$ cat my_file_3.txt   # compact mmCIF, C-alpha atoms
# COMPACT_ATOMS: atom_id res chain seq x y z
CA MET W 54 -65.64 -137.69 18.28
CA SER W 55 -63.27 -135.79 20.54
CA LYS W 56 -63.84 -132.12 21.21
CA ARG W 57 -61.15 -129.85 19.82
CA ALA W 58 -59.29 -127.99 22.54
CA VAL W 59 -58.89 -124.22 22.64
CA LEU W 60 -55.50 -122.80 21.70
CA GLU W 61 -54.81 -119.29 23.01
CA VAL W 62 -51.72 -117.47 21.76
CA ILE W 63 -50.11 -114.31 23.13
CA ALA W 64 -50.08 -111.43 20.64
CA LEU W 65 -48.15 -108.19 21.03
CA ASP W 66 -49.18 -106.40 17.85
CA VAL W 67 -51.13 -106.72 14.61
CA GLU W 68 -48.43 -108.81 12.91
CA ASP W 69 -48.52 -111.29 15.78
CA ALA W 70 -52.29 -111.43 15.76
CA VAL W 71 -52.60 -112.04 12.03
CA ALA W 72 -49.93 -114.75 12.11
CA ALA W 73 -51.55 -116.44 15.11
CA GLN W 74 -54.95 -116.55 13.48
CA ALA W 75 -53.43 -117.91 10.26
CA GLY W 76 -51.63 -120.58 12.28
CA GLY W 77 -54.79 -121.86 13.91
CA ALA W 78 -55.14 -119.94 17.17
CA ASP W 79 -58.67 -119.92 18.54
CA ARG W 80 -58.13 -116.92 20.78
CA LEU W 81 -55.50 -114.28 21.48
CA GLU W 82 -54.25 -112.85 24.75
CA LEU W 83 -53.21 -109.27 24.05
CA VAL W 84 -50.32 -107.96 26.14
CA THR W 85 -47.24 -105.84 26.03
CA ASP W 86 -43.87 -106.60 27.70
CA MET W 87 -43.67 -110.39 27.77
CA ALA W 88 -40.51 -110.10 29.90
CA ALA W 89 -42.78 -108.84 32.70
CA ASP W 90 -45.20 -111.75 32.11
CA GLY W 91 -47.54 -109.50 30.14
CA LEU W 92 -48.80 -106.00 30.85
CA THR W 93 -51.76 -104.02 29.49
CA PRO W 94 -51.41 -103.00 25.85
CA SER W 95 -52.51 -99.61 24.57
CA ALA W 96 -56.07 -98.99 23.49
CA GLU W 97 -54.72 -98.15 20.04
CA THR W 98 -53.06 -101.56 19.75
CA VAL W 99 -56.24 -103.31 20.87
CA ALA W 100 -58.33 -101.40 18.32
CA ALA W 101 -55.88 -102.20 15.51
CA ILE W 102 -55.78 -105.90 16.36
CA ARG W 103 -59.57 -106.05 16.70
CA ALA W 104 -59.84 -104.63 13.18
CA ALA W 105 -57.27 -107.07 11.78
CA VAL W 106 -58.57 -110.44 13.04
CA ASP W 107 -61.94 -112.01 13.72
CA ILE W 108 -61.08 -114.48 16.49
CA ASP W 109 -61.71 -113.85 20.18
CA LEU W 110 -59.37 -111.52 22.08
CA ARG W 111 -58.67 -111.35 25.81
CA VAL W 112 -56.86 -108.21 26.93
CA MET W 113 -54.54 -108.12 29.94
CA LEU W 114 -55.40 -105.76 32.80
CA ARG W 115 -52.08 -105.52 34.64
CA LEU W 116 -50.12 -102.29 34.90
CA ALA W 117 -46.85 -103.42 36.54
CA ASP W 118 -44.78 -106.54 37.10
CA GLY W 119 -45.97 -108.62 40.04
CA PHE W 120 -49.48 -109.49 41.15
CA ALA W 121 -50.45 -106.56 43.38
CA ALA W 122 -53.30 -104.51 41.94
CA GLY W 123 -51.57 -101.17 42.38
CA ASP W 124 -53.71 -98.19 41.40
CA VAL W 125 -57.17 -99.75 41.16
CA GLU W 126 -58.90 -96.55 40.03
CA ARG W 127 -56.43 -96.30 37.17
CA LEU W 128 -57.09 -99.93 36.25
CA VAL W 129 -60.82 -99.26 36.16
CA GLY W 130 -60.23 -96.30 33.87
CA VAL W 131 -57.97 -98.35 31.61
CA ALA W 132 -60.60 -101.08 31.41
CA GLY W 133 -63.14 -98.52 30.25
CA ARG W 134 -60.86 -97.20 27.52
CA LEU W 135 -60.10 -100.72 26.33
CA ARG W 136 -63.80 -101.50 26.11
CA GLU W 137 -64.27 -98.36 24.01
CA ALA W 138 -61.46 -99.68 21.75
CA GLY W 139 -63.41 -102.89 21.13
CA ALA W 140 -62.26 -105.21 23.92
CA THR W 141 -65.00 -107.48 25.25
CA GLU W 142 -62.95 -110.11 27.11
CA PHE W 143 -60.17 -109.63 29.64
CA VAL W 144 -57.44 -111.19 31.79
CA LEU W 145 -56.79 -110.10 35.38
CA GLY W 146 -55.92 -111.32 38.87
CA PHE W 147 -54.59 -109.68 42.01
CA LEU W 148 -53.02 -110.95 45.23
CA ASP W 149 -52.38 -109.14 48.48
CA ALA W 150 -49.10 -109.14 50.40
CA ASP W 151 -49.97 -112.45 52.07
CA GLY W 152 -50.62 -114.23 48.78
CA ASP W 153 -54.40 -114.21 49.22
CA VAL W 154 -56.74 -113.01 46.51
CA ASP W 155 -57.26 -109.25 46.70
CA LEU W 156 -61.03 -109.41 46.65
CA GLY W 157 -61.51 -105.67 46.82
CA ALA W 158 -59.41 -105.05 43.73
CA VAL W 159 -60.96 -107.93 41.81
CA GLU W 160 -64.46 -106.71 42.70
CA GLN W 161 -63.74 -103.18 41.50
CA VAL W 162 -62.05 -104.13 38.25
CA ALA W 163 -64.38 -107.01 37.38
CA GLY W 164 -67.32 -104.76 38.24
CA ALA W 165 -66.14 -102.24 35.66
CA LEU W 166 -66.31 -105.01 33.03
CA GLU W 167 -70.07 -105.30 33.56
CA GLY W 168 -70.31 -109.01 32.84
CA CYS W 169 -67.58 -109.30 30.20
CA ARG W 170 -65.93 -112.72 30.25
CA TRP W 171 -62.52 -112.83 31.90
CA THR W 172 -59.64 -115.09 32.87
CA PHE W 173 -57.95 -115.14 36.28
CA HIS W 174 -54.31 -115.36 35.22
CA ARG W 175 -51.24 -117.04 36.69
CA ALA W 176 -51.44 -115.12 39.93
CA ILE W 177 -53.21 -118.30 41.07
CA ASP W 178 -49.86 -120.09 40.81
CA ARG W 179 -48.42 -117.70 43.41
CA ALA W 180 -51.42 -117.87 45.73
CA ALA W 181 -50.96 -119.01 49.31
CA ASN W 182 -53.97 -121.31 48.95
CA ARG W 183 -55.27 -121.85 45.44
CA ASP W 184 -58.27 -123.89 46.57
CA ALA W 185 -59.39 -121.06 48.88
CA LEU W 186 -58.86 -118.54 46.06
CA ARG W 187 -61.04 -120.53 43.67
CA LYS W 188 -63.83 -120.88 46.21
CA GLN W 189 -63.72 -117.17 47.05
CA LEU W 190 -64.08 -116.33 43.34
CA ALA W 191 -66.60 -119.08 42.57
CA ASP W 192 -69.55 -116.76 41.87
CA PHE W 193 -67.79 -113.79 40.31
CA PRO W 194 -69.66 -112.56 37.21
CA GLY W 195 -67.80 -113.19 33.97
CA LEU W 196 -65.04 -115.40 35.39
CA ASP W 197 -64.93 -118.45 33.14
CA THR W 198 -61.24 -119.44 32.95
CA TYR W 199 -58.11 -119.95 35.05
CA LEU W 200 -54.77 -119.58 33.25
CA THR W 201 -52.43 -121.78 35.26
CA ALA W 202 -49.37 -124.00 35.13
CA GLY W 203 -50.32 -125.60 38.44
CA ALA W 204 -47.22 -124.15 40.10
CA ALA W 205 -45.10 -121.00 39.94
CA GLY W 206 -42.26 -122.95 38.35
CA GLY W 207 -44.32 -124.06 35.36
CA VAL W 208 -46.17 -127.10 34.07
CA ASP W 209 -43.36 -129.54 34.89
CA ASP W 210 -43.75 -128.63 38.56
CA GLY W 211 -47.52 -128.25 38.50
CA LEU W 212 -48.66 -131.23 36.47
CA THR W 213 -49.97 -133.17 39.48
CA VAL W 214 -51.97 -130.13 40.62
CA LEU W 215 -53.44 -129.63 37.16
CA LEU W 216 -54.58 -133.23 36.93
CA ALA W 217 -56.09 -133.10 40.41
CA GLU W 218 -57.99 -129.90 39.62
CA ALA W 219 -59.24 -131.36 36.36
CA ARG W 220 -60.82 -134.20 38.34
CA ARG W 221 -62.72 -131.62 40.42
CA ARG W 222 -64.32 -129.85 37.46
CA GLY W 223 -67.90 -129.00 38.29
CA GLU W 224 -67.38 -128.69 42.05
CA PRO W 225 -67.97 -125.27 43.66
CA GLY W 226 -65.00 -123.12 42.62
CA TYR W 227 -64.01 -125.55 39.88
CA GLU W 228 -66.61 -124.83 37.21
CA GLN W 229 -64.25 -122.64 35.17
CA GLN W 230 -62.14 -123.88 32.29
CA LEU W 231 -58.51 -124.73 32.96
CA LEU W 232 -56.29 -122.98 30.42
CA VAL W 233 -52.84 -124.49 30.83
CA GLY W 234 -49.86 -122.26 30.14
CA GLY W 235 -46.44 -121.49 31.56
CA GLY W 236 -43.70 -123.81 30.39
CA LEU W 237 -46.21 -125.86 28.40
CA ARG W 238 -44.57 -128.26 25.94
CA LEU W 239 -46.11 -130.46 23.29
CA GLU W 240 -45.29 -133.62 25.25
CA HIS W 241 -47.49 -132.41 28.12
CA VAL W 242 -50.57 -132.17 25.94
CA PRO W 243 -51.70 -135.81 25.49
CA GLY W 244 -51.86 -136.48 29.23
CA LEU W 245 -53.67 -133.20 29.86
CA LEU W 246 -56.19 -133.96 27.14
CA ASP W 247 -56.75 -137.42 28.60
CA ALA W 248 -57.54 -135.75 31.93
CA GLY W 249 -60.24 -133.65 30.25
CA ILE W 250 -58.28 -130.40 30.08
CA ASP W 251 -59.30 -128.58 26.93
CA GLY W 252 -57.48 -125.24 26.98
CA PHE W 253 -53.85 -124.46 26.15
CA HIS W 254 -51.95 -121.16 26.18
CA ILE W 255 -48.60 -120.40 24.56
CA GLY W 256 -46.39 -117.35 24.30
CA GLY W 257 -42.68 -118.02 24.13
CA ALA W 258 -43.36 -121.49 22.74
CA ALA W 259 -44.84 -119.82 19.67
CA ARG W 260 -41.57 -117.96 19.13
CA PRO W 261 -38.84 -120.63 19.32
CA SER W 262 -36.41 -118.54 17.30
CA GLY W 263 -37.41 -115.20 18.75
CA ARG W 264 -39.86 -114.57 15.92
CA PRO W 265 -43.54 -115.45 15.58
CA LEU W 266 -44.15 -119.06 14.57
CA TYR W 267 -47.59 -120.36 15.37
CA THR W 268 -48.99 -123.85 15.29
CA SER W 269 -52.32 -125.45 16.15
CA ASP W 270 -50.75 -128.88 16.76
CA ALA W 271 -51.25 -128.64 20.54
CA ALA W 272 -54.99 -128.19 20.14
CA ASP W 273 -55.77 -130.88 17.56
$ encode --input "my_file_3.txt" --output "structure tokens"
Amino acid sequence: MSKRAVLEVIALDVEDAVAAQAGGADRLELVTDMAADGLTPSAETVAAIRAAVDIDLRVMLRLADGFAAGDVERLVGVAGRLREAGATEFVLGFLDADGDVDLGAVEQVAGALEGCRWTFHRAIDRAANRDALRKQLADFPGLDTYLTAGAAGGVDDGLTVLLAEARRRGEPGYEQQLLVGGGLRLEHVPGLLDAGIDGFHIGGAARPSGRPLYTSDAAD
């Protein structure tokens, strides 16, 4: 019997979250401003969504467009307020000006999560050396997932990288789950499943007409 893959869907508000759960989502990524690739939602929004659904939620920790950490002390404070609002899982990832992982920022923010599970998001697709990034983060507490398209341009460009990384699962730096998102289309899914990839992430694909429309087909 094949293992059912995880389907994560972006949610902006309670209406999104309820529709996503009804449509078969296993987990939500909570953000605001999808045009900026997802920024941190308010604590009030997180609390309202947590009260409305009973599936897992991962909350974005990203205060501005781009992948620089910015004000790390502010991020740490925001993380604390989100935890008070009911968040127990998060999404984050920071690069420095050279495209290397900003270890200092990741250490401070992840440290404030005190072991909460978290995803390193698509900053990995802009990294100067994604293999080096993964090895540098290999032992970070709570890190269990990489959200990636394999390339900055999306899954079409990154498919070869995704398949290669799937073959390395279990090696140092490659223990985490691959959650594929960023230009993901249904026709990509069979080949990714065959490669052992068991996580899929959709945002715009769940809104083909500009309105929420969720489906679990990609995860069956």
$ closest_residue --input "my_file_3.txt" --among "W:Ala185, W:Leu246, W:Ala165, W:Leu212" --to "W:Gly226" --atoms "all atoms listed in the file"
W:Ala185
$ closest_residue --input "my_file_3.txt" --among "W:Ala89, W:Val125, W:Leu231, W:Val131" --to "W:Ile177" --atoms "all atoms listed in the file"
W:Leu231
$ residues_around --input "my_file_3.txt" --residues "W:Glu160" --least-positions-apart "5" --cutoff "12 Å" --atoms "all atoms listed in the file" --output "PyMOL selection string"
chain W and resi 122+125-126+128-129+145-147+154-155+165-168+189-190+192-196
$ closest_residue --input "my_file_3.txt" --among "W:Ala204, W:Ala73, W:Ile255, W:Ala219" --to "W:Arg238" --atoms "only C-alpha atoms"
W:Ile255
$ closest_residue --input "my_file_3.txt" --among "W:Thr85, W:Thr98, W:Gln230, W:Thr93" --to "W:Phe173" --atoms "all atoms listed in the file"
W:Gln230
$ atom_distance --input "my_file_3.txt" --atom1 "atom CA of W:Ala117" --atom2 "atom CA of W:Leu92"
6.5 Å
$ atom_distance --input "my_file_3.txt" --atom1 "atom CA of W:Asp66" --atom2 "atom CA of W:Arg80"
14.1 Å
$ closest_residue --input "my_file_3.txt" --among "W:Asp197, W:Ala191, W:Ala104, W:Leu186" --to "W:Glu142" --atoms "all atoms listed in the file"
W:Asp197
$ closest_residue --input "my_file_3.txt" --among "W:Arg221, W:Arg115, W:Arg136, W:Arg179" --to "W:Val159" --atoms "all atoms listed in the file"
W:Arg115
$ atom_distance --input "my_file_3.txt" --atom1 "atom CA of W:Thr141" --atom2 "atom CA of W:Leu83"
12.0 Å
$ residues_around --input "my_file_3.txt" --residues "W:Ala138" --least-positions-apart "5" --cutoff "9 Å" --atoms "only C-alpha atoms" --output "PDB file with C-alpha atoms, keeping the file's coordinate frame"
ATOM      1  CA  ALA W  96     -56.070 -98.990  23.490  1.00  0.00           C
ATOM      2  CA  GLU W  97     -54.720 -98.150  20.040  1.00  0.00           C
ATOM      3  CA  THR W  98     -53.060-101.560  19.750  1.00  0.00           C
ATOM      4  CA  VAL W  99     -56.240-103.310  20.870  1.00  0.00           C
ATOM      5  CA  ALA W 100     -58.330-101.400  18.320  1.00  0.00           C
ATOM      6  CA  ALA W 101     -55.880-102.200  15.510  1.00  0.00           C
ATOM      7  CA  ARG W 103     -59.570-106.050  16.700  1.00  0.00           C
ATOM      8  CA  GLY W 133     -63.140 -98.520  30.250  1.00  0.00           C
TER       9      GLY W 133
END
$ residues_near_point --input "my_file_3.txt" --point "(-52.8, -118.2, 49.4)" --cutoff "6 Å" --atoms "all atoms listed in the file" --output "PDB file with C-alpha atoms, keeping the file's coordinate frame"
ATOM      1  CA  GLY W 152     -50.620-114.230  48.780  1.00  0.00           C
ATOM      2  CA  ASP W 153     -54.400-114.210  49.220  1.00  0.00           C
ATOM      3  CA  ALA W 180     -51.420-117.870  45.730  1.00  0.00           C
ATOM      4  CA  ALA W 181     -50.960-119.010  49.310  1.00  0.00           C
ATOM      5  CA  ASN W 182     -53.970-121.310  48.950  1.00  0.00           C
ATOM      6  CA  ARG W 183     -55.270-121.850  45.440  1.00  0.00           C
TER       7      ARG W 183
END
$ residues_around --input "my_file_3.txt" --residues "W:Gly249" --least-positions-apart "5" --cutoff "9 Å" --atoms "all atoms listed in the file" --output "ChimeraX atom specification"
/W:216,219-220,244
$ write_last_selection --input "my_file_3.txt" --atoms "C-alpha atoms" --output "mmCIF file, in the frame of the given file"
data_model
loop_
_atom_site.group_PDB
_atom_site.id
_atom_site.type_symbol
_atom_site.label_atom_id
_atom_site.label_comp_id
_atom_site.auth_asym_id
_atom_site.auth_seq_id
_atom_site.Cartn_x
_atom_site.Cartn_y
_atom_site.Cartn_z
ATOM 1 C CA LEU W 216 -54.580 -133.230 36.930
ATOM 2 C CA ALA W 219 -59.240 -131.360 36.360
ATOM 3 C CA ARG W 220 -60.820 -134.200 38.340
ATOM 4 C CA GLY W 244 -51.860 -136.480 29.230
#
$ residues_around --input "my_file_3.txt" --residues "stretch 208-210 of chain W" --least-positions-apart "4" --cutoff "10 Å" --atoms "all atoms listed in the file" --output "list in words"
Thr201, Ala202, Gly203, Ala204, Val214, Leu215, Val233, Gly234, Gly235, Gly236, Leu237, Arg238 and His241 of chain W
